[in-house]
Structure formats: structure tokens, C-alpha cells
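Asks: Please find structure09.cif (mmCIF, C-alpha atoms and all ligand atoms) on the next line:
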data_entry
loop_
_atom_site.label_atom_id
_atom_site.label_comp_id
_atom_site.auth_asym_id
_atom_site.auth_seq_id
_atom_site.Cartn_x
_atom_site.Cartn_y
_atom_site.Cartn_z
CA MET A 474 78.36 -20.10 10.86
CA SER A 475 77.20 -19.77 14.46
CA ILE A 476 76.66 -22.81 16.63
CA LYS A 477 72.98 -23.67 17.11
CA LYS A 478 71.67 -23.79 20.65
CA SER A 479 69.38 -26.61 21.64
CA VAL A 480 67.35 -27.54 24.71
CA VAL A 481 65.68 -30.84 25.59
CA LEU A 482 62.28 -31.26 27.25
CA PHE A 483 61.49 -34.57 28.97
CA SER A 484 59.15 -36.15 31.51
CA GLY A 485 60.42 -39.66 32.14
CA ASN A 486 63.38 -42.02 32.04
CA GLY A 487 65.27 -39.93 29.52
CA SER A 488 66.71 -42.72 27.38
CA ASN A 489 66.35 -40.50 24.30
CA LEU A 490 67.91 -37.57 26.14
CA LYS A 491 70.87 -39.80 27.14
CA ASN A 492 71.22 -41.17 23.63
CA LEU A 493 71.20 -37.66 22.11
CA LEU A 494 73.82 -36.44 24.56
CA GLU A 495 75.96 -39.50 23.84
CA ASN A 496 75.70 -38.78 20.12
CA SER A 497 76.40 -35.06 20.33
CA SER A 498 80.17 -35.04 19.87
CA ASN A 499 80.06 -35.39 16.06
CA ILE A 500 77.91 -32.25 15.78
CA LYS A 501 79.54 -30.16 18.51
CA ASP A 502 80.78 -27.56 16.02
CA LYS A 503 77.24 -27.03 14.77
CA LEU A 504 74.85 -27.63 17.65
CA VAL A 505 75.18 -27.76 21.43
CA TYR A 506 72.76 -28.80 24.15
CA GLU A 507 72.50 -25.88 26.56
CA GLY A 508 69.87 -26.98 29.00
CA ALA A 509 66.93 -29.21 29.75
CA PHE A 510 63.47 -28.80 31.23
CA THR A 511 61.21 -31.29 32.92
CA ASN A 512 57.72 -31.05 34.36
CA ASN A 513 58.41 -34.11 36.54
CA PRO A 514 60.58 -33.79 39.68
CA LYS A 515 60.87 -37.61 39.77
CA ALA A 516 61.99 -38.03 36.15
CA GLY A 517 64.97 -40.35 35.67
CA GLY A 518 66.26 -37.92 33.06
CA ILE A 519 67.26 -35.47 35.83
CA GLU A 520 70.12 -37.75 36.89
CA ILE A 521 71.19 -38.09 33.26
CA CYS A 522 71.44 -34.29 33.00
CA GLN A 523 73.56 -34.22 36.15
CA ASN A 524 75.83 -36.97 34.78
CA PHE A 525 76.35 -34.96 31.58
CA ASN A 526 76.68 -31.59 33.39
CA LEU A 527 73.63 -30.29 31.57
CA ASP A 528 71.68 -27.59 33.43
CA VAL A 529 68.19 -28.85 34.12
CA CYS A 530 65.19 -26.79 35.11
CA VAL A 531 62.84 -28.92 37.21
CA CYS A 532 59.41 -27.38 37.27
CA ASN A 533 57.45 -27.98 40.47
CA ASP A 534 55.05 -25.21 39.67
CA GLU A 535 51.41 -25.74 38.75
CA ASP A 536 51.89 -23.20 35.99
CA ILE A 537 54.21 -25.35 33.91
CA ASN A 538 53.69 -23.47 30.68
CA SER A 539 54.66 -20.06 32.04
CA GLU A 540 57.79 -21.69 33.57
CA LEU A 541 58.48 -23.33 30.21
CA SER A 542 58.04 -20.04 28.43
CA LYS A 543 60.49 -18.35 30.83
CA PHE A 544 63.00 -21.18 30.39
CA LEU A 545 62.78 -20.95 26.61
CA ASN A 546 63.05 -17.16 26.57
CA GLN A 547 66.19 -17.39 28.72
CA HIS A 548 67.82 -19.79 26.27
CA ASN A 549 66.31 -18.53 23.02
CA PRO A 550 67.06 -21.92 21.42
CA ASP A 551 67.42 -22.68 17.73
CA LEU A 552 66.09 -26.17 18.39
CA ILE A 553 63.75 -27.53 21.06
CA VAL A 554 63.92 -31.33 21.29
CA LEU A 555 60.95 -33.06 22.88
CA ALA A 556 62.26 -36.36 24.23
CA GLY A 557 59.37 -38.04 25.98
CA TYR A 558 57.84 -34.72 27.07
CA MET A 559 54.34 -35.79 28.05
CA LYS A 560 52.72 -32.35 28.25
CA ILE A 561 51.12 -30.58 25.35
CA VAL A 562 53.21 -27.57 24.32
CA PRO A 563 50.71 -24.68 24.13
CA PRO A 564 50.05 -23.01 20.76
CA GLU A 565 51.66 -19.68 21.82
CA ILE A 566 54.98 -21.49 22.33
CA VAL A 567 54.58 -23.66 19.22
CA ASN A 568 53.95 -20.54 17.15
CA GLN A 569 56.79 -18.54 18.73
CA TYR A 570 59.25 -21.34 17.92
CA SER A 571 57.66 -22.56 14.70
CA GLY A 572 60.03 -24.78 12.71
CA LYS A 573 62.31 -25.11 15.74
CA ILE A 574 60.53 -27.83 17.75
CA VAL A 575 60.90 -31.54 17.05
CA ASN A 576 59.22 -34.48 18.76
CA ILE A 577 59.64 -38.24 18.85
CA HIS A 578 56.59 -40.48 18.94
CA PRO A 579 56.44 -44.26 19.43
CA SER A 580 54.41 -45.14 16.31
CA LEU A 581 54.48 -44.82 12.56
CA LEU A 582 52.56 -41.54 12.40
CA PRO A 583 49.96 -40.66 11.20
CA LYS A 584 48.98 -43.99 12.79
CA TYR A 585 48.26 -43.77 16.51
CA PRO A 586 48.79 -40.18 17.63
CA GLY A 587 48.31 -39.65 21.36
CA LEU A 588 48.82 -42.25 24.06
CA ASN A 589 48.85 -46.08 24.41
CA THR A 590 50.35 -46.81 21.03
CA TYR A 591 51.70 -50.27 21.95
CA ALA A 592 48.26 -51.47 23.09
CA LYS A 593 46.82 -50.21 19.79
CA VAL A 594 49.51 -51.95 17.71
CA LEU A 595 48.81 -55.24 19.53
CA ALA A 596 45.02 -54.90 19.40
CA ASN A 597 45.16 -54.31 15.65
CA HIS A 598 47.67 -57.13 15.02
CA ASP A 599 49.85 -54.70 13.08
CA VAL A 600 52.67 -56.19 11.04
CA TYR A 601 54.85 -53.09 11.47
CA ASN A 602 55.49 -50.51 14.14
CA GLY A 603 58.21 -47.97 14.64
CA ALA A 604 59.00 -44.46 15.74
CA THR A 605 58.61 -41.06 14.13
CA VAL A 606 60.51 -37.80 14.46
CA HIS A 607 58.48 -34.84 13.28
CA PHE A 608 58.33 -31.06 13.46
CA VAL A 609 55.79 -29.88 16.01
CA THR A 610 52.75 -27.92 14.93
CA CYS A 611 49.63 -27.01 16.87
CA ASP A 612 47.98 -30.28 15.76
CA LEU A 613 49.04 -32.99 18.19
CA ASP A 614 51.50 -35.47 16.63
CA GLN A 615 50.64 -34.28 13.12
CA GLY A 616 53.49 -32.03 12.05
CA PRO A 617 55.61 -32.88 9.01
CA ILE A 618 57.53 -36.12 9.39
CA ILE A 619 61.34 -35.93 9.30
CA ILE A 620 62.26 -39.62 9.61
CA GLN A 621 60.73 -42.89 10.72
CA GLY A 622 62.36 -46.08 11.99
CA LYS A 623 60.23 -49.08 11.05
CA TYR A 624 60.43 -52.67 12.33
CA THR A 625 58.40 -55.86 11.93
CA VAL A 626 56.34 -56.72 15.01
CA PRO A 627 57.52 -60.20 16.07
CA ASN A 628 54.96 -62.90 16.87
CA GLY A 629 54.22 -63.07 20.56
CA SER A 630 55.09 -59.40 21.20
CA ASP A 631 53.79 -57.67 24.29
CA GLU A 632 53.85 -54.02 25.32
CA SER A 633 57.20 -54.36 27.02
CA SER A 634 58.93 -56.00 24.05
CA LEU A 635 57.42 -53.42 21.69
CA GLN A 636 58.75 -50.66 23.92
CA THR A 637 62.24 -52.15 23.72
CA LEU A 638 62.08 -52.39 19.91
CA THR A 639 60.65 -48.89 19.64
CA HIS A 640 63.31 -47.37 21.87
CA ASN A 641 65.92 -49.07 19.73
CA ALA A 642 64.35 -47.43 16.63
CA GLU A 643 64.13 -44.07 18.42
CA HIS A 644 67.77 -44.19 19.42
CA MET A 645 68.71 -44.75 15.78
CA ILE A 646 66.60 -42.01 14.21
CA TYR A 647 66.63 -39.10 16.67
CA PRO A 648 70.37 -38.35 16.37
CA ILE A 649 70.01 -38.50 12.57
CA ALA A 650 67.19 -35.95 12.62
CA VAL A 651 69.12 -33.62 14.96
CA LYS A 652 72.22 -33.88 12.77
CA TRP A 653 70.16 -33.01 9.68
CA PHE A 654 68.84 -29.95 11.55
CA ALA A 655 72.34 -28.99 12.70
CA ASP A 656 73.53 -29.29 9.09
CA ASN A 657 70.66 -27.06 7.83
CA MET A 658 69.41 -29.96 5.71
CA ILE A 659 65.82 -29.93 6.99
CA LYS A 660 63.29 -27.15 7.35
CA MET A 661 59.56 -26.83 7.91
CA LYS A 662 57.87 -24.45 5.47
CA GLY A 663 54.11 -24.07 4.99
CA GLY A 664 53.52 -27.17 7.11
CA LYS A 665 55.72 -29.33 4.83
CA LEU A 666 59.14 -30.89 5.25
CA TYR A 667 61.91 -29.59 3.02
CA PHE A 668 65.01 -31.74 2.71
CA ASN A 669 67.93 -29.94 1.06
CA ASN A 670 65.39 -27.33 -0.15
CA LYS A 671 63.20 -29.96 -1.85
CA MET A 672 59.72 -30.64 -0.55
CA ILE A 673 59.35 -34.21 0.70
CA GLU A 674 55.94 -35.82 0.12
CA SER A 675 56.41 -39.22 1.75
CA PRO A 676 58.34 -39.85 4.93
CA ILE A 677 61.98 -40.94 4.89
CA VAL A 678 61.96 -44.42 6.43
CA LEU A 679 64.82 -46.36 7.97
CA LEU A 680 64.02 -50.09 7.86
CA ILE A 681 65.31 -51.82 10.95
CA GLU A 682 66.08 -55.56 10.74
C1 LIG B 701 59.55 -42.45 24.01
O1 LIG B 701 59.18 -43.73 23.59
C2 LIG B 701 58.82 -41.40 23.20
O2 LIG B 701 58.53 -41.80 21.90
C3 LIG B 701 57.55 -41.24 23.98
O3 LIG B 701 57.96 -41.28 25.33
C4 LIG B 701 59.06 -42.18 25.43
C5 LIG B 701 60.11 -41.53 26.29
O4 LIG B 701 61.14 -42.43 26.58
N1 LIG B 701 56.91 -39.99 23.66
C6 LIG B 701 55.61 -39.86 23.53
O5 LIG B 701 54.83 -40.78 23.69
C7 LIG B 701 55.16 -38.48 23.14
N2 LIG B 701 53.86 -38.51 22.61
P1 LIG B 701 62.50 -41.92 27.23
O6 LIG B 701 62.12 -41.05 28.43
O7 LIG B 701 63.19 -43.18 27.65
O8 LIG B 701 63.24 -41.14 26.20
#
Rewrite the structure from the file as C-alpha cells, please.

Replies:
Amino acid sequence: MSIKKSVVLFSGNGSNLKNLLENSSNIKDKLVYEGAFTNNPKAGGIEICQNFNLDVCVCNDEDINSELSKFLNQHNPDLIVLAGYMKIVPPEIVNQYSGKIVNIHPSLLPKYPGLNTYAKVLANHDVYNGATVHFVTCDLDQGPIIIQGKYTVPNGSDESSLQTLTHNAEHMIYPIAVKWFADNMIKMKGGKLYFNNKMIESPIVLLIE
């Protein structure tokens, strides 16, 4: 079986990028990270790429999506990992790579798609929050869910403490989802998640103490 090629797209600190690279050795016979792309020349993730010797394409151009398209066509990846990529991937690219793009989002989707999730969790006094890995479709943050990490929101939480807890959840679930993809265990078909060829109706949830 050939080794799957993967690329990572990011815009910020890159803690998920770093965590994925740190957890890549156990899948190296099945999936390799070939390159990364960022729309943000000041992103902390650029230094992480350099530290891991991962080629990174830093897009300074106004026309980010045509640069992204070029980058993807050069790599022709089997998996595109969005790790804090804060731009909307245009429908042409989503359709070209359908079933090959995954995203991580800092809420228990379908709750709170879009931005400012921590403020929403606090404003609504939610008992739980977490993170979601899902396949990307043209509907923002609404593609089939692969795995969620769920934690109880402690009393007295603020946005910063929620971010810490959410990153912790993200760092647990994203490598699991990538490994499942590398092992051909998950697929998106007809807008649904298939796990070992069985359609999954409700999300797989990892409860975090
Ligand atoms: C993560 O919390 C991720 O869920 C979020 O950006 C953060 C990136 O952190 N993504 C989104 O909000 C996408 N809608 P990182 O740069 O430290 O990995």
C-alpha cells in the first residue's frame, strides 16, 4: 500500500501542527507530512515547520486561494489537515479534494460554528465544551464529525482557561483522527461518516476528565 501524502494549513501559533508532527512517527509507514501552507507571514507555526524540517509555503499574496490551489496541485495530497487555518477554503478546492480535507474546531459541533466559541460557551453557561474533528464540506463547520473531545467546563472559567482545556482536547483527538485516516478506517460518503465501512449516526466522543 502506498504511503499517503498529507499537508497542513495553518494561520496561527501552530500548536496542533506541532502536536501532529510530534505524533507522526507511529504512522510514518502509512502517512507523511510533505508540506505546510499559511496565509499569515507572522504565524508562529512557521518556526515549528522550520524546526521539523517541513517545507512551508508562506503566502504574502492577496490572492491566497489561487496560491493555495497551486500549492495543493503541486503536492496532490491524500489528506489536507486544517490546523487553525482561519480562511474559508473555497468550494472549488473543497470539491476537488472532497473527502480529503479535515478540520479541527474549538466547540462541540454542531454547537457554535464560526468564531468566538469560548465567549459563547461562557455566555450560555454551558456545562460542557470540547473540540471537534470533522471532514470539510462546503457548509462551514458542518461536515461529518469524525471525533469529539468533551470536557466539563469548570466553575470560574474564562476564555483563556477554556482555550487551554480545548487545546488539550484537540491535541488528544487530532492525532487519533489522522491515524484513522492513515489506516483507511474513516471515509466520507454522501456527506456521512463511515467508520470501518459502517455509517456512523452519532459522533464518536472521547470524554476527558
Ligand atoms: C484551534 O483551537 C482550532 O480549533 C481553531 O484555531 C486554533 C488554532 O490553534 N480553529 C478554528 O477556530 C477554525 N474554525 P493552534 O494554532 O495552536 O493549533

Asks: So that each row is one residue of range 619-641 of chain A with an atom at most 12 Å from range 648-651 of chain A, can you give its shortest atom pair and the distance in Å to one decimal, using all atoms listed in the file, rows by chain and rising number, as CSV?

Replies:
residue,atom,partner,partner_atom,distance
A:Ile619,CA,A:Ala650,CA,6.7
A:Ile620,CA,A:Ala650,CA,6.8
A:Gln621,CA,A:Ala650,CA,9.7
A:Gly622,CA,A:Ile649,CA,10.8

Asks: Near Met672 in chain A, within 10 Å and counting all atoms listed in the file, which residues show up once chain neighbours fewer than 4 positions away are dropped, as an mmCIF file with C-alpha atoms, in the coordinates of the input?

Replies:
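Writing the result to result.cif gives the following:
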data_model
loop_
_atom_site.group_PDB
_atom_site.id
_atom_site.type_symbol
_atom_site.label_atom_id
_atom_site.label_comp_id
_atom_site.auth_asym_id
_atom_site.auth_seq_id
_atom_site.Cartn_x
_atom_site.Cartn_y
_atom_site.Cartn_z
ATOM 1 C CA ILE A 659 65.820 -29.930 6.990
ATOM 2 C CA LYS A 660 63.290 -27.150 7.350
ATOM 3 C CA MET A 661 59.560 -26.830 7.910
ATOM 4 C CA LYS A 662 57.870 -24.450 5.470
ATOM 5 C CA LYS A 665 55.720 -29.330 4.830
ATOM 6 C CA LEU A 666 59.140 -30.890 5.250
ATOM 7 C CA TYR A 667 61.910 -29.590 3.020
ATOM 8 C CA PHE A 668 65.010 -31.740 2.710
#

Asks: Nearest residue to ligand LIG 701 (chain B) out of A:Gly508, A:Pro550, A:Gly517, A:Gly572, using only C-alpha atoms and all ligand atoms?

Replies: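 Looking at the shortest contact to ligand LIG 701 (chain B), the residue is A:Gly517.
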
Asks: Which one of A:Gln636, A:Asn538, A:Asn576, A:Gln569 sits closest to Thr590 in chain A if you count all atoms listed in the file?

Replies: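 Among the listed residues, the smallest separation from Thr590 in chain A belongs to A:Gln636.
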
Asks: For chain A versus ligand LIG 701 (chain B), which residues have an atom no more than 6 Å away, and what is each residue's nearest atom pair and distance in Å rounded to one decimal, using all atoms listed in the file, chain-then-number order, as a Markdown table?

Replies:
| residue | atom | partner | partner_atom | distance |
| --- | --- | --- | --- | --- |
| A:Gly485 | CA | B:LIG701 | O6 | 4.3 |
| A:Asn486 | CA | B:LIG701 | O6 | 3.9 |
| A:Gly487 | CA | B:LIG701 | O6 | 3.5 |
| A:Ser488 | CA | B:LIG701 | O7 | 3.6 |
| A:Asn489 | CA | B:LIG701 | O8 | 3.7 |
| A:Leu490 | CA | B:LIG701 | O8 | 5.9 |
| A:Ala556 | CA | B:LIG701 | O8 | 5.3 |
| A:Gly557 | CA | B:LIG701 | C5 | 3.6 |
| A:Met559 | CA | B:LIG701 | C7 | 5.7 |
| A:Ile577 | CA | B:LIG701 | O2 | 4.8 |
| A:His578 | CA | B:LIG701 | O2 | 3.8 |
| A:Pro579 | CA | B:LIG701 | O2 | 4.1 |
| A:Gly587 | CA | B:LIG701 | N2 | 5.8 |
| A:His640 | CA | B:LIG701 | O1 | 5.8 |

Asks: Could you state the separation of CA of Leu527 in chain A and CA of Leu638 in chain A in Å, given to one decimal place?

Replies: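 We find that CA of Leu527 in chain A and CA of Leu638 in chain A lie 27.5 Å from each other.
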
Asks: Neighbouring residues of Pro583 in chain A were defined as those with any atom within 12 Å, considering only C-alpha atoms; residues of the same chain fewer than 6 positions away were excluded. Please report them as a list of chain:residue names.

Replies: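 Result of the neighbour search: A:Thr590, A:Asn602, A:Gly603, A:Ala604, A:Thr605, A:Val606, A:His607, A:Asp612, A:Leu613, A:Asp614, A:Gln615, A:Gly616, A:Pro617, A:Ile618, A:Gln621, A:Ser675, A:Pro676.
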
Asks: Identify the residues within 7 Å of coordinate (64.5, -26.1, 20.7) (same frame as the file), considering only C-alpha atoms, and give the answer as a JSON list (two decimals) with C-alpha atoms, in the frame of the given file.

Replies:
[["chain", "number", "residue", "atom", "x", "y", "z"],
["A", 479, "SER", "CA", 69.38, -26.61, 21.64],
["A", 480, "VAL", "CA", 67.35, -27.54, 24.71],
["A", 481, "VAL", "CA", 65.68, -30.84, 25.59],
["A", 550, "PRO", "CA", 67.06, -21.92, 21.42],
["A", 551, "ASP", "CA", 67.42, -22.68, 17.73],
["A", 552, "LEU", "CA", 66.09, -26.17, 18.39],
["A", 553, "ILE", "CA", 63.75, -27.53, 21.06],
["A", 554, "VAL", "CA", 63.92, -31.33, 21.29],
["A", 573, "LYS", "CA", 62.31, -25.11, 15.74],
["A", 574, "ILE", "CA", 60.53, -27.83, 17.75]]

Asks: Could you tell me which of A:Ala596, A:Val531, A:Glu540, A:Thr610 comes closest to Val567 in chain A if we count all atoms listed in the file?

Replies: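 Going through A:Ala596, A:Val531, A:Glu540, A:Thr610 one by one, the smallest distance to Val567 in chain A is for A:Thr610.
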
Asks: Write out as a PyMOL selection string which residues come within 12 Å of Cys532 in chain A when counting only C-alpha atoms, dropping same-chain ones fewer than 5 positions away.

Replies: chain A and resi 482-484+509-516+519+537-544

Asks: Could you check the closest approach to Val562 in chain A for each of A:Val609, A:Ile646, A:Ile681, A:Cys522 and tell me which residue wins, using only C-alpha atoms?

Replies: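 Of A:Val609, A:Ile646, A:Ile681, A:Cys522, the one nearest Val562 in chain A, counting only C-alpha atoms, is A:Val609.
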
Asks: Please indicate the distance in Å from CA of Glu507 in chain A to CA of Asp536 in chain A, rounded to one decimal place.

Replies: 22.8 Å
